[in-house]
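**Q** Got a structure for you, model01.txt, holding compact mmCIF, C-alpha atoms and all ligand atoms.
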```txt
# COMPACT_ATOMS: atom_id res chain seq x y z
CA MET L 1 -30.14 -67.14 60.76
CA LYS L 2 -30.34 -68.35 64.32
CA VAL L 3 -33.66 -68.19 66.14
CA PHE L 4 -33.57 -67.89 69.92
CA GLU L 5 -36.59 -68.52 72.10
CA ASN L 6 -37.43 -66.92 75.41
CA PHE L 7 -34.45 -64.62 74.89
CA SER L 8 -33.41 -61.91 77.39
CA LEU L 9 -33.34 -58.40 75.90
CA LYS L 10 -31.26 -56.94 78.76
CA ALA L 11 -28.21 -56.42 76.56
CA TYR L 12 -30.32 -55.01 73.72
CA ASN L 13 -31.90 -51.98 75.42
CA THR L 14 -29.85 -49.16 76.94
CA PHE L 15 -32.12 -49.02 80.01
CA GLY L 16 -30.87 -52.56 80.71
CA ILE L 17 -34.36 -53.90 81.42
CA ASP L 18 -34.48 -57.67 81.72
CA VAL L 19 -37.55 -58.73 79.75
CA LYS L 20 -37.83 -61.75 77.48
CA ALA L 21 -38.64 -61.96 73.79
CA ARG L 22 -40.75 -64.95 72.69
CA LYS L 23 -38.46 -65.25 69.66
CA PHE L 24 -35.31 -63.32 68.77
CA ILE L 25 -33.61 -63.19 65.38
CA SER L 26 -30.64 -61.07 64.34
CA VAL L 27 -30.65 -60.24 60.62
CA THR L 28 -27.49 -59.25 58.78
CA SER L 29 -28.85 -58.89 55.22
CA ILE L 30 -31.93 -57.52 53.46
CA ASP L 31 -32.63 -61.04 52.16
CA ASP L 32 -32.68 -62.42 55.70
CA LEU L 33 -34.94 -59.57 56.75
CA LYS L 34 -37.33 -60.34 53.88
CA THR L 35 -37.38 -64.03 54.82
CA VAL L 36 -38.30 -63.24 58.42
CA LEU L 37 -40.93 -60.71 57.38
CA LYS L 38 -42.47 -63.27 54.99
CA GLN L 39 -42.68 -65.87 57.73
CA THR L 40 -44.07 -63.63 60.46
CA TYR L 41 -47.45 -61.94 60.74
CA SER L 42 -46.95 -58.20 61.05
CA ASP L 43 -48.73 -58.05 64.41
CA GLN L 44 -46.23 -60.63 65.68
CA LEU L 45 -43.22 -58.51 64.77
CA PHE L 46 -41.11 -56.24 66.90
CA ILE L 47 -38.32 -54.41 65.08
CA LEU L 48 -35.33 -53.60 67.25
CA GLY L 49 -32.53 -51.18 66.39
CA GLY L 50 -30.08 -49.89 68.97
CA GLY L 51 -32.64 -50.11 71.79
CA SER L 52 -31.65 -46.65 72.95
CA ASN L 53 -35.00 -44.91 72.93
CA MET L 54 -37.33 -47.42 74.50
CA LEU L 55 -38.67 -48.56 77.82
CA LEU L 56 -39.69 -52.20 77.96
CA THR L 57 -42.33 -52.75 80.64
CA LYS L 58 -43.21 -56.38 79.85
CA ASP L 59 -42.08 -59.49 78.03
CA ILE L 60 -42.38 -59.15 74.26
CA ASP L 61 -44.81 -61.78 73.03
CA ALA L 62 -43.59 -61.49 69.44
CA THR L 63 -40.65 -62.16 67.16
CA VAL L 64 -38.01 -59.55 67.90
CA VAL L 65 -36.03 -58.79 64.76
CA HIS L 66 -32.71 -57.23 65.60
CA LEU L 67 -31.47 -55.18 62.64
CA ASP L 68 -27.79 -55.91 62.29
CA LEU L 69 -27.30 -54.55 58.76
CA LYS L 70 -23.78 -53.13 58.46
CA GLY L 71 -21.77 -51.06 56.03
CA THR L 72 -21.27 -47.59 54.63
CA GLU L 73 -20.82 -46.44 51.05
CA ILE L 74 -20.18 -43.16 49.27
CA THR L 75 -22.83 -42.93 46.59
CA ARG L 76 -21.81 -39.58 45.10
CA GLU L 77 -18.94 -37.19 45.59
CA THR L 78 -18.23 -33.71 44.26
CA GLU L 79 -15.74 -30.98 45.22
CA GLU L 80 -18.26 -29.66 47.74
CA TYR L 81 -20.01 -32.63 49.26
CA VAL L 82 -20.35 -36.40 49.69
CA LEU L 83 -23.49 -38.46 49.75
CA ILE L 84 -22.82 -41.33 52.12
CA ARG L 85 -25.14 -44.20 52.83
CA ALA L 86 -25.02 -46.07 56.13
CA GLU L 87 -26.89 -49.30 56.80
CA ALA L 88 -29.46 -49.36 59.59
CA GLY L 89 -27.41 -51.45 62.04
CA GLU L 90 -24.38 -49.16 62.07
CA ASN L 91 -23.80 -47.52 65.44
CA TRP L 92 -24.67 -43.83 65.24
CA HIS L 93 -21.64 -42.46 67.06
CA GLN L 94 -19.13 -44.71 65.26
CA PHE L 95 -20.55 -43.44 61.98
CA VAL L 96 -20.30 -39.81 63.15
CA LEU L 97 -16.63 -40.39 64.10
CA HIS L 98 -15.98 -41.88 60.66
CA THR L 99 -17.38 -38.75 58.96
CA ILE L 100 -15.40 -36.44 61.26
CA GLU L 101 -12.16 -38.33 60.55
CA ASN L 102 -12.74 -37.75 56.85
CA ASN L 103 -13.49 -34.07 57.48
CA TRP L 104 -17.05 -34.38 56.20
CA GLY L 105 -19.08 -31.80 58.07
CA GLY L 106 -22.64 -31.78 59.35
CA LEU L 107 -22.92 -34.41 62.06
CA GLU L 108 -20.38 -33.09 64.59
CA ASN L 109 -23.02 -31.60 66.92
CA LEU L 110 -24.71 -35.01 67.00
CA SER L 111 -21.65 -36.81 68.41
CA LEU L 112 -22.10 -39.44 71.12
CA ILE L 113 -25.86 -39.90 70.72
CA PRO L 114 -26.61 -43.53 71.56
CA GLY L 115 -28.44 -45.77 69.10
CA ASN L 116 -28.17 -46.91 65.51
CA ILE L 117 -28.50 -45.30 62.09
CA GLY L 118 -31.83 -46.93 61.25
CA THR L 119 -33.75 -45.52 64.17
CA ALA L 120 -32.30 -42.00 64.00
CA PRO L 121 -34.82 -40.70 61.41
CA ILE L 122 -37.84 -42.01 63.32
CA GLN L 123 -37.50 -39.34 65.97
CA ASN L 124 -35.29 -36.94 63.97
CA ILE L 125 -32.58 -37.07 66.62
CA GLY L 126 -31.16 -33.73 67.63
CA ALA L 127 -28.70 -32.02 69.95
CA TYR L 128 -26.92 -28.68 70.35
CA GLY L 129 -28.85 -26.81 67.70
CA VAL L 130 -28.67 -29.48 64.99
CA GLU L 131 -31.12 -32.18 63.94
CA LEU L 132 -30.75 -35.22 61.72
CA LYS L 133 -32.96 -33.52 59.10
CA ASP L 134 -30.24 -30.90 58.46
CA THR L 135 -27.99 -33.42 56.68
CA PHE L 136 -30.54 -36.10 55.79
CA TYR L 137 -30.69 -36.85 52.05
CA THR L 138 -32.86 -39.99 51.71
CA CYS L 139 -33.57 -43.24 53.47
CA THR L 140 -34.59 -46.63 52.17
CA ALA L 141 -37.23 -48.68 53.92
CA LEU L 142 -38.87 -52.04 53.46
CA ASN L 143 -42.64 -52.28 53.52
CA ILE L 144 -43.44 -54.92 56.14
CA GLN L 145 -46.55 -56.14 54.27
CA THR L 146 -45.51 -56.04 50.61
CA LEU L 147 -41.71 -56.36 51.10
CA GLU L 148 -41.26 -53.58 48.58
CA GLU L 149 -38.32 -51.26 49.03
CA ARG L 150 -39.11 -47.57 49.02
CA LYS L 151 -37.02 -44.41 49.16
CA PHE L 152 -38.20 -41.55 51.35
CA SER L 153 -37.06 -38.04 50.50
CA LEU L 154 -36.48 -35.30 53.06
CA GLU L 155 -39.90 -33.77 52.31
CA GLU L 156 -41.67 -37.12 52.54
CA CYS L 157 -40.22 -37.76 55.99
CA GLY L 158 -42.09 -34.77 57.47
CA PHE L 159 -39.45 -34.16 60.12
CA GLY L 160 -40.32 -32.11 63.20
CA TYR L 161 -39.02 -31.82 66.76
CA ARG L 162 -38.40 -35.48 67.72
CA ASN L 163 -40.95 -36.43 65.10
CA SER L 164 -41.37 -37.82 61.56
CA ILE L 165 -43.77 -39.67 59.27
CA PHE L 166 -42.46 -42.91 60.83
CA LYS L 167 -44.13 -41.95 64.12
CA ASN L 168 -47.33 -40.91 62.35
CA ASP L 169 -48.78 -41.80 58.92
CA VAL L 170 -46.63 -44.87 58.25
CA LYS L 171 -46.04 -45.94 61.86
CA GLY L 172 -45.24 -49.65 62.06
CA LYS L 173 -45.49 -50.08 58.28
CA TYR L 174 -41.83 -49.83 57.29
CA VAL L 175 -38.42 -50.95 58.46
CA ILE L 176 -35.75 -48.35 57.69
CA THR L 177 -32.81 -50.24 56.18
CA SER L 178 -30.37 -47.43 55.36
CA VAL L 179 -29.97 -43.67 55.55
CA THR L 180 -28.05 -41.42 53.14
CA PHE L 181 -26.56 -38.15 54.38
CA LYS L 182 -25.30 -35.14 52.44
CA LEU L 183 -22.16 -33.88 54.15
CA LYS L 184 -19.96 -30.92 53.30
CA LYS L 185 -16.32 -31.39 52.31
CA LYS L 186 -15.40 -27.73 52.78
CA ASP L 187 -16.71 -24.37 54.05
CA HIS L 188 -17.98 -26.12 57.15
CA LEU L 189 -20.83 -24.56 59.00
CA ILE L 190 -19.56 -24.38 62.56
CA GLN L 191 -22.52 -24.21 64.93
CA THR L 192 -21.53 -23.22 68.41
CA ASN L 193 -24.43 -20.91 69.17
CA TYR L 194 -25.68 -23.41 71.73
CA GLY L 195 -24.12 -21.89 74.86
CA ALA L 196 -22.52 -24.98 76.32
CA ILE L 197 -20.41 -25.60 73.19
CA ASP L 198 -18.77 -22.18 73.33
CA THR L 199 -17.95 -22.66 77.00
CA ALA L 200 -16.49 -26.12 76.38
CA LEU L 201 -14.36 -24.81 73.49
CA GLU L 202 -13.12 -21.98 75.68
CA GLU L 203 -12.13 -24.49 78.38
CA MET L 204 -10.30 -26.44 75.67
CA GLY L 205 -8.46 -23.22 74.65
CA ILE L 206 -9.83 -23.19 71.10
CA ASP L 207 -10.74 -19.96 69.24
CA ASN L 208 -11.29 -21.05 65.67
CA PRO L 209 -12.96 -24.44 66.00
CA THR L 210 -12.93 -27.09 63.28
CA ILE L 211 -15.65 -29.74 63.03
CA GLN L 212 -13.26 -32.05 64.90
CA ASP L 213 -13.10 -29.54 67.77
CA VAL L 214 -16.89 -29.18 67.86
CA SER L 215 -17.27 -32.95 68.01
CA LYS L 216 -14.76 -33.11 70.89
CA ALA L 217 -16.59 -30.31 72.73
CA VAL L 218 -19.95 -32.07 72.34
CA ILE L 219 -18.45 -35.34 73.56
CA LYS L 220 -17.01 -33.51 76.59
CA ILE L 221 -20.36 -31.89 77.45
CA ARG L 222 -22.34 -35.09 77.02
CA GLN L 223 -19.86 -37.09 79.10
CA GLU L 224 -20.07 -34.54 81.91
CA LYS L 225 -23.88 -34.30 81.91
CA LEU L 226 -25.34 -37.51 80.61
CA PRO L 227 -24.83 -40.94 82.17
CA ASP L 228 -23.13 -43.57 80.01
CA PRO L 229 -25.73 -46.31 79.40
CA LYS L 230 -22.98 -48.94 79.65
CA ILE L 231 -22.48 -47.90 83.27
CA LEU L 232 -25.93 -46.64 84.28
CA GLY L 233 -28.97 -47.78 82.28
CA ASN L 234 -30.88 -44.92 80.66
CA SER L 235 -32.51 -43.77 77.46
CA GLY L 236 -31.32 -40.16 77.25
CA SER L 237 -34.05 -37.56 77.60
CA PHE L 238 -37.06 -39.40 78.95
CA PHE L 239 -39.51 -36.57 78.22
CA LYS L 240 -39.90 -34.12 75.36
CA ASN L 241 -39.43 -30.46 76.12
CA PRO L 242 -43.03 -29.23 76.33
CA VAL L 243 -44.38 -26.45 74.15
CA ILE L 244 -46.77 -23.97 75.76
CA SER L 245 -48.51 -20.82 74.58
CA ALA L 246 -46.81 -17.44 75.03
CA GLN L 247 -49.76 -16.45 77.20
CA GLU L 248 -49.29 -19.42 79.58
CA PHE L 249 -45.59 -18.65 79.64
CA ASP L 250 -46.17 -15.02 80.66
CA THR L 251 -48.34 -16.15 83.56
CA LEU L 252 -45.80 -18.77 84.71
CA LYS L 253 -42.91 -16.33 84.40
CA LEU L 254 -44.49 -14.13 87.07
CA LYS L 255 -44.39 -17.01 89.53
CA PHE L 256 -41.10 -18.53 88.28
CA PRO L 257 -38.95 -15.65 86.99
CA LYS L 258 -35.97 -17.95 86.36
CA MET L 259 -37.85 -20.32 84.05
CA PRO L 260 -35.72 -20.78 80.87
CA SER L 261 -37.47 -20.80 77.49
CA TYR L 262 -36.92 -20.92 73.74
CA GLN L 263 -39.28 -18.95 71.54
CA ILE L 264 -40.30 -21.30 68.72
CA SER L 265 -42.99 -19.24 67.00
CA ASP L 266 -44.90 -16.00 67.57
CA ASN L 267 -47.13 -17.55 70.17
CA GLU L 268 -45.34 -20.72 71.25
CA VAL L 269 -42.55 -21.27 73.76
CA LYS L 270 -40.56 -24.42 74.50
CA ILE L 271 -39.64 -25.04 78.13
CA PRO L 272 -36.81 -27.40 79.18
CA ALA L 273 -38.44 -30.36 80.89
CA GLY L 274 -35.18 -30.89 82.83
CA TRP L 275 -35.61 -27.51 84.49
CA LEU L 276 -39.27 -28.23 85.38
CA ILE L 277 -38.40 -31.57 86.96
CA ASP L 278 -35.38 -30.11 88.73
CA THR L 279 -37.44 -27.17 90.08
CA ALA L 280 -40.10 -29.62 91.26
CA GLY L 281 -37.32 -30.95 93.52
CA LEU L 282 -37.00 -34.34 91.86
CA LYS L 283 -33.38 -34.31 90.66
CA GLY L 284 -31.63 -37.29 92.26
CA PHE L 285 -34.91 -38.75 93.56
CA ARG L 286 -34.80 -42.54 93.72
CA GLU L 287 -37.29 -45.32 94.35
CA GLY L 288 -35.62 -48.71 94.59
CA ASP L 289 -33.47 -49.02 91.48
CA ALA L 290 -35.48 -46.50 89.45
CA GLY L 291 -34.22 -42.95 89.69
CA ILE L 292 -33.87 -39.46 88.29
CA HIS L 293 -30.30 -38.66 87.38
CA ILE L 294 -28.40 -36.42 89.79
CA ASN L 295 -26.87 -34.19 87.09
CA GLN L 296 -29.67 -34.04 84.53
CA ALA L 297 -33.27 -34.28 85.71
CA LEU L 298 -34.51 -35.11 82.22
CA VAL L 299 -32.86 -38.52 82.35
CA LEU L 300 -34.42 -41.44 84.21
CA VAL L 301 -31.98 -44.15 85.19
CA ASN L 302 -31.89 -47.81 86.14
CA TYR L 303 -29.48 -48.32 89.06
CA GLY L 304 -29.38 -52.05 88.39
CA ASN L 305 -32.45 -54.17 88.62
CA ALA L 306 -35.36 -51.80 88.11
CA THR L 307 -38.22 -53.21 86.04
CA GLY L 308 -39.69 -51.23 83.18
CA SER L 309 -42.92 -50.82 85.17
CA GLU L 310 -41.00 -49.33 88.10
CA ILE L 311 -39.40 -46.76 85.81
CA TRP L 312 -42.75 -46.07 84.17
CA SER L 313 -44.44 -45.49 87.52
CA LEU L 314 -41.62 -43.13 88.53
CA ALA L 315 -42.22 -41.30 85.24
CA ALA L 316 -45.92 -40.99 86.13
CA LYS L 317 -44.97 -39.42 89.46
CA VAL L 318 -42.74 -36.94 87.67
CA GLN L 319 -45.58 -36.04 85.32
CA GLU L 320 -47.96 -35.57 88.24
CA LYS L 321 -45.61 -33.34 90.24
CA VAL L 322 -44.75 -31.18 87.25
CA TYR L 323 -48.43 -30.85 86.37
CA ASP L 324 -49.37 -29.88 89.93
CA LEU L 325 -46.69 -27.21 90.08
CA PHE L 326 -46.72 -25.76 86.56
CA ASN L 327 -49.92 -27.02 84.97
CA ILE L 328 -47.77 -28.46 82.16
CA LYS L 329 -48.20 -31.98 80.81
CA LEU L 330 -44.94 -33.79 80.12
CA GLU L 331 -44.99 -36.27 77.27
CA ALA L 332 -42.61 -39.25 77.13
CA GLU L 333 -39.93 -38.98 74.47
CA VAL L 334 -38.99 -42.65 74.70
CA ASN L 335 -41.25 -45.31 73.22
CA VAL L 336 -42.92 -47.36 75.92
CA PHE L 337 -43.85 -51.01 75.26
N1 LIG Q 401 -31.83 -27.84 83.39
C1 LIG Q 401 -31.95 -27.72 84.76
N2 LIG Q 401 -31.86 -28.86 85.52
C2 LIG Q 401 -31.67 -30.07 84.96
C3 LIG Q 401 -31.57 -30.18 83.55
C4 LIG Q 401 -31.65 -29.04 82.78
O1 LIG Q 401 -32.13 -26.64 85.31
O2 LIG Q 401 -31.61 -31.04 85.71
C5 LIG Q 401 -31.88 -26.61 82.58
C6 LIG Q 401 -30.49 -26.27 82.06
O3 LIG Q 401 -29.78 -25.49 82.96
C7 LIG Q 401 -30.80 -25.49 80.80
C8 LIG Q 401 -32.09 -26.12 80.31
O4 LIG Q 401 -32.66 -26.82 81.41
O5 LIG Q 401 -31.08 -24.15 81.09
C9 LIG Q 401 -31.89 -27.03 79.11
O6 LIG Q 401 -31.07 -28.12 79.46
P1 LIG Q 401 -30.04 -28.80 78.43
O7 LIG Q 401 -29.23 -27.81 77.71
O8 LIG Q 401 -29.37 -29.88 79.18
O9 LIG Q 401 -30.91 -29.41 77.29
P2 LIG Q 401 -32.26 -30.22 77.37
O10 LIG Q 401 -33.37 -29.33 76.91
O11 LIG Q 401 -32.37 -30.81 78.70
C10 LIG Q 401 -32.13 -31.16 74.92
C11 LIG Q 401 -32.38 -32.50 74.29
C12 LIG Q 401 -31.17 -33.42 74.46
C13 LIG Q 401 -29.98 -32.75 73.81
C14 LIG Q 401 -29.77 -31.38 74.50
C15 LIG Q 401 -28.68 -30.58 73.86
C16 LIG Q 401 -34.79 -32.89 74.39
C17 LIG Q 401 -35.90 -33.60 75.08
N3 LIG Q 401 -33.56 -33.11 74.87
O12 LIG Q 401 -32.00 -31.39 76.32
O13 LIG Q 401 -31.43 -34.64 73.79
O14 LIG Q 401 -28.80 -33.53 73.94
O15 LIG Q 401 -30.98 -30.58 74.38
O16 LIG Q 401 -29.10 -30.13 72.60
O17 LIG Q 401 -35.03 -32.15 73.44
C18 LIG Q 401 -32.14 -36.91 73.98
O18 LIG Q 401 -33.03 -36.64 73.15
O19 LIG Q 401 -32.03 -38.07 74.47
C19 LIG Q 401 -31.23 -35.86 74.42
C20 LIG Q 401 -30.30 -36.09 75.33
```
Translate this structure into structure tokens?
**A**
Amino acid sequence: MKVFENFSLKAYNTFGIDVKARKFISVTSIDDLKTVLKQTYSDQLFILGGGSNMLLTKDIDATVVHLDLKGTEITRETEEYVLIRAEAGENWHQFVLHTIENNWGGLENLSLIPGNIGTAPIQNIGAYGVELKDTFYTCTALNIQTLEERKFSLEECGFGYRNSIFKNDVKGKYVITSVTFKLKKKDHLIQTNYGAIDTALEEMGIDNPTIQDVSKAVIKIRQEKLPDPKILGNSGSFFKNPVISAQEFDTLKLKFPKMPSYQISDNEVKIPAGWLIDTAGLKGFREGDAGIHINQALVLVNYGNATGSEIWSLAAKVQEKVYDLFNIKLEAEVNVF
């Protein structure tokens, strides 16, 4: 295990923010991870996965442990399904492609999401009508204090919209080391009810889509709408889609008849934050190297050398404008450090 000091994290976060870690260690095995955890006080630890859902606003005065655990394994297989375990450091999209190639269904709508396997359960990643929880079977995690390994079942994870137990009750207490998925081998559930997928499939001339087609359609949509972090630093959706009461929605609808919405319960409505920001006139707005993406107002971008604080202060402006116009508070979806 090599320990680096005063190490730049620019290549390790998809926003491409150039902050320094006091110490940086990449671990490739559970034993290495245990050794580092034993040697480091928990308040001096910073666990890093794919770095795709974070905004770093300052140097990290801690030991950054980069989880580079690799590998996948089928743990059970029947006529109907496979249980497949992927280690935390596997790249999410590469894993999805691997499952699609084998015709194992369930993850196709989650194609091309940046990040790694180990961080996916923390925020229950989701896209195009599907969430991680729909195929999640179990995950293993290491208790940072006791170094005990524990399995979390689907119920124990308490998944919600961009939420789980790892953001709440056990926040900062565990490192997720692997995730097991239950994927279908036949009778695939093709989910194209999310409008954009149907349109993309139509453009591709496909009537009876397979999971491979759905994956291709999702990749096409994401490539058209979302900036590639390798080219333009970003962390996907910067804000969560806010949930408001049906009553508030009815009032707003009078003033903004075009406001899109998804009914999520009898008296709650989810509003696309991208639409709010766009309608507030901020799409494409730029301050120095910090900006709001031209095609998707929900994505904040780093045009090159923006600092995390510059992006964070742009985010605050977005929140203020949206609040002034709609009386809705936007909450960050990315983790800010
Ligand atoms: N919209 C605008 N202007 C914009 C952006 C969006 O008017 O600049 C409108 C769209 O026209 C559409 C609505 O807002 O009517 C919703 O937009 P979209 O379908 O792009 O989805 P989203 O709500 O912006 C969510 C997720 C994405 C996920 C997509 C597809 C959140 C915070 N974001 O975005 O997740 O890929 O749905 O399922 O829930 C991510 O978490 O990083 C992410 C990209």
**Q** Point out the residue among L:Asn267, L:Asn103, L:Asn53, L:Ser178 with the least atom-to-atom distance to ligand LIG 401 (chain Q), counting all atoms listed in the file.
**A**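 Checking each candidate against ligand LIG 401 (chain Q), we get L:Asn53 as the closest.
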**Q** Find the residue from L:Thr138, L:Asn143, L:Thr57, L:Ser237 that sits nearest to Glu156 of chain L; use all atoms listed in the file when measuring.
**A**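 Answer, going by the shortest atom-to-atom distance: L:Thr138.
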**Q** Just checking: using all atoms listed in the file, which residue out of L:Leu33, L:Val336, L:Val269, L:Ile294 ends up closest to ligand LIG 401 (chain Q)?
**A** L:Ile294
**Q** Using only C-alpha atoms and all ligand atoms, which residues of chain L come within 7 Å of ligand LIG 401 (chain Q), and what is the closest atom pair for each, with the distance in Å to one decimal? Give it as JSON lines, sorted by chain and residue number.
**A**
```
{"residue": "L:Ile125", "atom": "CA", "partner": "Q:LIG401", "partner_atom": "O18", "distance": 6.6}
{"residue": "L:Gly126", "atom": "CA", "partner": "Q:LIG401", "partner_atom": "O13", "distance": 6.2}
{"residue": "L:Ala127", "atom": "CA", "partner": "Q:LIG401", "partner_atom": "O16", "distance": 3.3}
{"residue": "L:Tyr128", "atom": "CA", "partner": "Q:LIG401", "partner_atom": "O16", "distance": 3.5}
{"residue": "L:Gly129", "atom": "CA", "partner": "Q:LIG401", "partner_atom": "O16", "distance": 5.9}
{"residue": "L:Ser235", "atom": "CA", "partner": "Q:LIG401", "partner_atom": "O19", "distance": 6.5}
{"residue": "L:Gly236", "atom": "CA", "partner": "Q:LIG401", "partner_atom": "O19", "distance": 3.5}
{"residue": "L:Ser237", "atom": "CA", "partner": "Q:LIG401", "partner_atom": "O19", "distance": 3.8}
{"residue": "L:Phe238", "atom": "CA", "partner": "Q:LIG401", "partner_atom": "O19", "distance": 6.9}
{"residue": "L:Phe239", "atom": "CA", "partner": "Q:LIG401", "partner_atom": "C17", "distance": 5.6}
{"residue": "L:Lys240", "atom": "CA", "partner": "Q:LIG401", "partner_atom": "C17", "distance": 4.0}
{"residue": "L:Asn241", "atom": "CA", "partner": "Q:LIG401", "partner_atom": "C17", "distance": 4.8}
{"residue": "L:Pro260", "atom": "CA", "partner": "Q:LIG401", "partner_atom": "O5", "distance": 5.7}
{"residue": "L:Pro272", "atom": "CA", "partner": "Q:LIG401", "partner_atom": "O10", "distance": 4.6}
{"residue": "L:Ala273", "atom": "CA", "partner": "Q:LIG401", "partner_atom": "O11", "distance": 6.5}
{"residue": "L:Gly274", "atom": "CA", "partner": "Q:LIG401", "partner_atom": "C3", "distance": 3.7}
{"residue": "L:Trp275", "atom": "CA", "partner": "Q:LIG401", "partner_atom": "C1", "distance": 3.7}
{"residue": "L:Ile277", "atom": "CA", "partner": "Q:LIG401", "partner_atom": "O2", "distance": 6.9}
{"residue": "L:Asp278", "atom": "CA", "partner": "Q:LIG401", "partner_atom": "O2", "distance": 4.9}
{"residue": "L:Lys283", "atom": "CA", "partner": "Q:LIG401", "partner_atom": "O2", "distance": 6.2}
{"residue": "L:Asn295", "atom": "CA", "partner": "Q:LIG401", "partner_atom": "O2", "distance": 5.9}
{"residue": "L:Gln296", "atom": "CA", "partner": "Q:LIG401", "partner_atom": "O2", "distance": 3.8}
{"residue": "L:Ala297", "atom": "CA", "partner": "Q:LIG401", "partner_atom": "O2", "distance": 3.6}
{"residue": "L:Leu298", "atom": "CA", "partner": "Q:LIG401", "partner_atom": "C3", "distance": 5.9}
{"residue": "L:Glu333", "atom": "CA", "partner": "Q:LIG401", "partner_atom": "C17", "distance": 6.7}
```
**Q** Just write the chosen residues, C-alpha atoms, as a CSV table (one decimal), in the coordinates of the input.
**A**
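See part-v8.csv below for the written result:
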```csv
chain,number,residue,atom,x,y,z
L,125,ILE,CA,-32.6,-37.1,66.6
L,126,GLY,CA,-31.2,-33.7,67.6
L,127,ALA,CA,-28.7,-32.0,70.0
L,128,TYR,CA,-26.9,-28.7,70.4
L,129,GLY,CA,-28.8,-26.8,67.7
L,235,SER,CA,-32.5,-43.8,77.5
L,236,GLY,CA,-31.3,-40.2,77.2
L,237,SER,CA,-34.0,-37.6,77.6
L,238,PHE,CA,-37.1,-39.4,79.0
L,239,PHE,CA,-39.5,-36.6,78.2
L,240,LYS,CA,-39.9,-34.1,75.4
L,241,ASN,CA,-39.4,-30.5,76.1
L,260,PRO,CA,-35.7,-20.8,80.9
L,272,PRO,CA,-36.8,-27.4,79.2
L,273,ALA,CA,-38.4,-30.4,80.9
L,274,GLY,CA,-35.2,-30.9,82.8
L,275,TRP,CA,-35.6,-27.5,84.5
L,277,ILE,CA,-38.4,-31.6,87.0
L,278,ASP,CA,-35.4,-30.1,88.7
L,283,LYS,CA,-33.4,-34.3,90.7
L,295,ASN,CA,-26.9,-34.2,87.1
L,296,GLN,CA,-29.7,-34.0,84.5
L,297,ALA,CA,-33.3,-34.3,85.7
L,298,LEU,CA,-34.5,-35.1,82.2
L,333,GLU,CA,-39.9,-39.0,74.5
```
**Q** What lies within 9 Å of Phe152 of chain L using all atoms listed in the file, ignoring chain neighbours under 6 positions off, as an MDAnalysis selection string?
**A** chainID L and resid 137:141
